[in-house]
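Right, one structure below, let's go through it.
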Amino acid sequence: MNIADLVTVVLAREVHDDDVVGVGLGTPLALCSALVARATTAPNAQVLVGGAVSPVGTLAECLTNDFRGRTAGFIQHIDTLDMAERQAMTLQFLRPAEVGPDGSTNVSRIRAGERLIRFPGSLALADVPNLMPRVILYHTAHEARAFPPAVGYRTGAGGGIDRGGYHSEGPTVLVTDLCVIRFTKNGPVLESVHEGHTVDEVVAATGFALKVENPIQTPPPTDTEIAALEAVDPTRLRELEFKHLRAAANQRRAHA
């Protein structure tokens with residue numbers, strides 16, 4: 001087991017059996033998590049990826065749009081936006097550049113010294129925390145600059161809403177390569193720390209204040225989850241989102 005395996009299964013555990021999950025092709029780790037969830041604890045969850053409805057196949061097949069004979073149908077992008085507005089889609093994974101203590105996100109730009117680093121932007125992500133019943137955040141490089149006391153550019157609000165017929169919890173949890181942080185009304189709580197790391201290490205690497213209330217060690221993947229990982233992603237393309245694992249994962253992707 002490596003960190004990509006652990007983060008994948010921790011994210012998969014956040015998928016409910018009645019969820020309709022929207023996943024982009026640009027986030028292979030999140031997609032892998034959704035596929036693993038369907039193979040383990042959430043077999044009735046539906047996954048929309050690349051327009052395909054719950055394709056039956058490996059992560060590599062999904063990433064190459066190989067949906068022939070693997071899906072019950074397709075949904076146009078405009079219809080997925082309509083589903084989000086009607087809250088017919090219930091969960092979305094998001095990997096922001098910055099996350100604030102209330103779950104606010106920044107996917108637009110960050111400052112690194114004198115440099116201003118720009119990202120592709122938010123598209124409809126400004127609306128997602130208000131429309132999606134739940135949002136799951138993740139980050140594969142836990143460091144203070146990624147989790148500041150306040151995000152530099154607020155492209156998505158935290159805290160959720162309950163008005164105008166809409167109820168959204170907003171971002172509920174943040175999974176990183178060090179730990180799991182749960183967003184609550186009383187602030188962000190350190191829920192668990194991954195094996196090989198310490199509470200002090202996590203606190204030092206987090207720019208916003210954390211409530212530390214007897215965090216546990218993150219439960220490792222079960223035998224069932226490991227089997228699902230091997231079936232869903234035998235070429236380990238889930239490692240594409242980890243900097244130190246990316247080169248080898250790209251080589252495997254070229255031959256997938």
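Letters for chains follow the order of the structure tokens (A, B, ...), residue numbers begin at 1 for each chain, and ligand numbers begin at 1 in the order shown.
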Residues near segment 117-127 of chain A, cut-off 8 Å, only C-alpha atoms, skip fewer than 4 positions along chain, as a PDB file with N, CA, C and O atoms, in the first residue's frame:
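File around-v2.pdb, as written:
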```pdb
ATOM      1  N   VAL A 107      -9.734  27.930  -6.787  1.00  0.00           N
ATOM      2  CA  VAL A 107      -9.248  27.191  -7.951  1.00  0.00           C
ATOM      3  C   VAL A 107      -8.822  28.153  -9.059  1.00  0.00           C
ATOM      4  O   VAL A 107      -8.697  27.763 -10.209  1.00  0.00           O
ATOM      5  N   SER A 108      -8.602  29.421  -8.692  1.00  0.00           N
ATOM      6  CA  SER A 108      -8.319  30.450  -9.684  1.00  0.00           C
ATOM      7  C   SER A 108      -6.837  30.788  -9.788  1.00  0.00           C
ATOM      8  O   SER A 108      -6.235  30.645 -10.837  1.00  0.00           O
ATOM      9  N   ARG A 109      -6.241  31.249  -8.672  1.00  0.00           N
ATOM     10  CA  ARG A 109      -4.839  31.683  -8.713  1.00  0.00           C
ATOM     11  C   ARG A 109      -4.275  31.738  -7.304  1.00  0.00           C
ATOM     12  O   ARG A 109      -5.004  31.914  -6.333  1.00  0.00           O
ATOM     13  N   ILE A 110      -2.966  31.573  -7.206  1.00  0.00           N
ATOM     14  CA  ILE A 110      -2.282  31.698  -5.927  1.00  0.00           C
ATOM     15  C   ILE A 110      -1.006  32.501  -6.128  1.00  0.00           C
ATOM     16  O   ILE A 110      -0.475  32.569  -7.243  1.00  0.00           O
ATOM     17  N   ARG A 111      -0.528  33.091  -5.057  1.00  0.00           N
ATOM     18  CA  ARG A 111       0.746  33.792  -5.089  1.00  0.00           C
ATOM     19  C   ARG A 111       1.829  32.901  -4.494  1.00  0.00           C
ATOM     20  O   ARG A 111       1.646  32.304  -3.444  1.00  0.00           O
ATOM     21  N   ALA A 112       2.949  32.819  -5.181  1.00  0.00           N
ATOM     22  CA  ALA A 112       4.129  32.100  -4.706  1.00  0.00           C
ATOM     23  C   ALA A 112       5.277  33.090  -4.719  1.00  0.00           C
ATOM     24  O   ALA A 112       5.930  33.282  -5.744  1.00  0.00           O
ATOM     25  N   LEU A 131     -25.235  24.380  -4.643  1.00  0.00           N
ATOM     26  CA  LEU A 131     -26.168  23.502  -5.343  1.00  0.00           C
ATOM     27  C   LEU A 131     -26.006  22.037  -4.949  1.00  0.00           C
ATOM     28  O   LEU A 131     -26.989  21.313  -4.802  1.00  0.00           O
ATOM     29  N   THR A 155     -13.249  31.279  -4.792  1.00  0.00           N
ATOM     30  CA  THR A 155     -14.021  30.839  -5.959  1.00  0.00           C
ATOM     31  C   THR A 155     -15.146  29.883  -5.577  1.00  0.00           C
ATOM     32  O   THR A 155     -15.962  29.523  -6.428  1.00  0.00           O
ATOM     33  N   GLY A 156     -15.171  29.451  -4.334  1.00  0.00           N
ATOM     34  CA  GLY A 156     -16.248  28.599  -3.843  1.00  0.00           C
ATOM     35  C   GLY A 156     -16.426  28.818  -2.358  1.00  0.00           C
ATOM     36  O   GLY A 156     -15.450  28.833  -1.610  1.00  0.00           O
ATOM     37  N   ALA A 157     -17.662  29.020  -1.912  1.00  0.00           N
ATOM     38  CA  ALA A 157     -17.924  29.305  -0.506  1.00  0.00           C
ATOM     39  C   ALA A 157     -18.016  28.021   0.310  1.00  0.00           C
ATOM     40  O   ALA A 157     -18.444  26.976  -0.186  1.00  0.00           O
TER      41      ALA A 157
END
```
### Message
Considering only strand (DSSP E or B) as DSSP defines it on the backbone, what residues of segment 71-232 of chain A qualify? List them as a VMD selection string.
### Response
chain A and resid 74 91 to 94 98 to 99 105 to 106 109 to 112 115 to 118 134 to 139 156 161 to 163 166 to 168 171 to 176 179 to 184 187 to 193 211 to 217
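Closest approach to His142 of chain A among A:Asp102, A:Glu169, A:Glu201, A:Asp223 is made by A:Glu201 (distances from only C-alpha atoms).
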Please report as a Markdown table every residue of segment 165-233 of chain A lying within 8 Å of segment 58-64 of chain A, along with the nearest atom pair and their distance in Å (one decimal), using only C-alpha atoms.
```
| residue | atom | partner | partner_atom | distance |
| --- | --- | --- | --- | --- |
| A:Ala231 | CA | A:Thr58 | CA | 7.2 |
| A:Val232 | CA | A:Thr58 | CA | 4.6 |
| A:Asp233 | CA | A:Leu59 | CA | 5.4 |
```
Those same residues, written as a JSON list (two decimals), in the first residue's frame with all heavy atoms?
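Now in selection_37.json:
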```
[["chain", "number", "residue", "atom", "x", "y", "z"],
["A", 231, "ALA", "N", -8.78, -4.32, -9.14],
["A", 231, "ALA", "CA", -9.69, -4.59, -10.26],
["A", 231, "ALA", "C", -9.99, -3.33, -11.06],
["A", 231, "ALA", "O", -10.03, -3.34, -12.29],
["A", 231, "ALA", "CB", -10.99, -5.21, -9.74],
["A", 232, "VAL", "N", -10.21, -2.22, -10.36],
["A", 232, "VAL", "CA", -10.60, -0.96, -11.00],
["A", 232, "VAL", "C", -9.42, -0.27, -11.66],
["A", 232, "VAL", "O", -9.56, 0.34, -12.72],
["A", 232, "VAL", "CB", -11.26, -0.03, -9.95],
["A", 232, "VAL", "CG1", -11.36, 1.39, -10.45],
["A", 232, "VAL", "CG2", -12.63, -0.56, -9.57],
["A", 233, "ASP", "N", -8.25, -0.37, -11.04],
["A", 233, "ASP", "CA", -7.08, 0.39, -11.53],
["A", 233, "ASP", "C", -5.82, -0.46, -11.45],
["A", 233, "ASP", "O", -4.89, -0.15, -10.68],
["A", 233, "ASP", "CB", -6.93, 1.67, -10.69],
["A", 233, "ASP", "CG", -5.82, 2.58, -11.19],
["A", 233, "ASP", "OD1", -5.47, 2.48, -12.39],
["A", 233, "ASP", "OD2", -5.31, 3.38, -10.39]]
```
### Message
Neighbouring residues of Glu191 of chain A were defined as those with any atom within 6 Å, considering only C-alpha atoms; residues of the same chain fewer than 5 positions away were excluded. Please report them as a count of residues only.
### Response
3
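Each of A:Val193, A:Ala205, A:Leu240, A:Val128 was compared to Pro220 of chain A using only C-alpha atoms, and A:Val193 turns out to be the nearest.
Between Leu11 of chain A and the candidates A:Gln217, A:Thr40, A:Gln87, A:Ser33, the tightest atom-to-atom separation, counting only C-alpha atoms, involves A:Ser33.
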### Task
Go through segment 28-190 of chain A and collect every residue that DSSP, computed from the backbone, puts in helix (DSSP H, G or I); the answer should be as an MDAnalysis selection string.
chainID A and resid 28:39 59:63 77:85 128:131 144:146
### Interatomic distance, atom CA of Leu31 of chain A to atom CA of Asn106 of chain A (Å, one decimal)
20.9 Å
Distance query Asp79 of chain A at most 12 Å, only C-alpha atoms, self and fewer than 3 positions along chain excluded, as a tab-separated table (two decimals) with C-alpha atoms, in the first residue's frame:
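The result, written out as part-v8.tsv:
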```tsv
chain	number	residue	atom	x	y	z
A	22	GLY	CA	-20.28	13.87	-10.86
A	48	LEU	CA	-21.42	10.42	-14.26
A	51	GLY	CA	-21.05	12.05	-20.16
A	74	PHE	CA	-24.84	9.26	-22.03
A	75	ILE	CA	-25.86	12.64	-20.63
A	76	GLN	CA	-24.98	15.93	-22.30
A	82	ASP	CA	-29.48	20.97	-14.91
A	83	MET	CA	-29.13	17.94	-12.63
A	84	ALA	CA	-26.87	19.95	-10.34
A	85	GLU	CA	-29.35	22.83	-10.22
A	86	ARG	CA	-32.18	20.43	-9.34
A	88	ALA	CA	-30.43	15.46	-8.67
A	89	MET	CA	-26.65	15.18	-8.54
```
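Interatomic distance, atom CA of Val99 of chain A against atom CA of Glu239 of chain A: 21.6 Å.
Rounded to one decimal, atom CA of Thr8 of chain A and atom CA of Leu245 of chain A lie 14.3 Å from each other.
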Could you give me, as a compact mmCIF listing (two decimals) with N, CA, C and O atoms, in the first residue's frame, the residues within 9 Å of Leu174 of chain A, counting only C-alpha atoms and dropping anything in the same chain fewer than 3 positions from it?
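File written: part_5.txt
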```txt
# COMPACT_ATOMS: atom_id res chain seq x y z
N VAL A 99 -7.60 25.74 0.33
CA VAL A 99 -8.80 25.46 1.11
C VAL A 99 -8.72 26.28 2.39
O VAL A 99 -7.69 26.28 3.07
N GLY A 103 -13.95 25.58 4.63
CA GLY A 103 -14.17 24.80 3.43
C GLY A 103 -14.25 25.63 2.17
O GLY A 103 -14.50 25.09 1.08
N ILE A 136 -16.80 16.94 -1.55
CA ILE A 136 -15.66 16.31 -0.90
C ILE A 136 -14.39 16.91 -1.47
O ILE A 136 -14.17 16.87 -2.69
N LEU A 137 -13.56 17.49 -0.62
CA LEU A 137 -12.31 18.11 -1.04
C LEU A 137 -11.14 17.16 -0.80
O LEU A 137 -11.15 16.37 0.15
N TYR A 138 -10.13 17.26 -1.66
CA TYR A 138 -8.91 16.50 -1.41
C TYR A 138 -7.71 17.28 -1.94
O TYR A 138 -7.84 18.17 -2.79
N HIS A 139 -6.55 16.97 -1.39
CA HIS A 139 -5.30 17.62 -1.80
C HIS A 139 -4.18 16.62 -1.59
O HIS A 139 -4.13 15.95 -0.55
N PRO A 171 -18.75 21.84 1.34
CA PRO A 171 -17.63 20.94 1.61
C PRO A 171 -17.72 20.37 3.02
O PRO A 171 -17.82 21.12 3.99
N CYS A 179 -3.72 13.44 6.31
CA CYS A 179 -4.80 13.31 7.30
C CYS A 179 -6.18 13.46 6.68
O CYS A 179 -6.32 13.66 5.47
N VAL A 180 -7.19 13.41 7.56
CA VAL A 180 -8.58 13.70 7.21
C VAL A 180 -9.06 14.82 8.13
O VAL A 180 -8.94 14.71 9.36
N ILE A 181 -9.58 15.90 7.54
CA ILE A 181 -10.11 17.03 8.30
C ILE A 181 -11.60 17.14 8.00
O ILE A 181 -12.01 17.16 6.84
N ARG A 182 -12.40 17.21 9.06
CA ARG A 182 -13.84 17.32 8.92
C ARG A 182 -14.27 18.75 9.22
O ARG A 182 -13.87 19.33 10.23
N PHE A 183 -15.08 19.35 8.33
CA PHE A 183 -15.58 20.71 8.55
C PHE A 183 -16.87 20.64 9.38
O PHE A 183 -17.81 19.95 9.01
```
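The shortest atom-to-atom distance to Leu25 of chain A, with only C-alpha atoms taken into account, belongs to A:Gly50 out of A:Pro148, A:Pro234, A:Gly50, A:Gly113.
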### Message
So that I can check the surroundings of Thr71 of chain A, please list as number ranges by chain every protein, DNA and RNA residue that reaches within 10 Å of it, counting only C-alpha atoms and ignoring chain neighbours fewer than 6 positions away.
### Response
A: 51-57
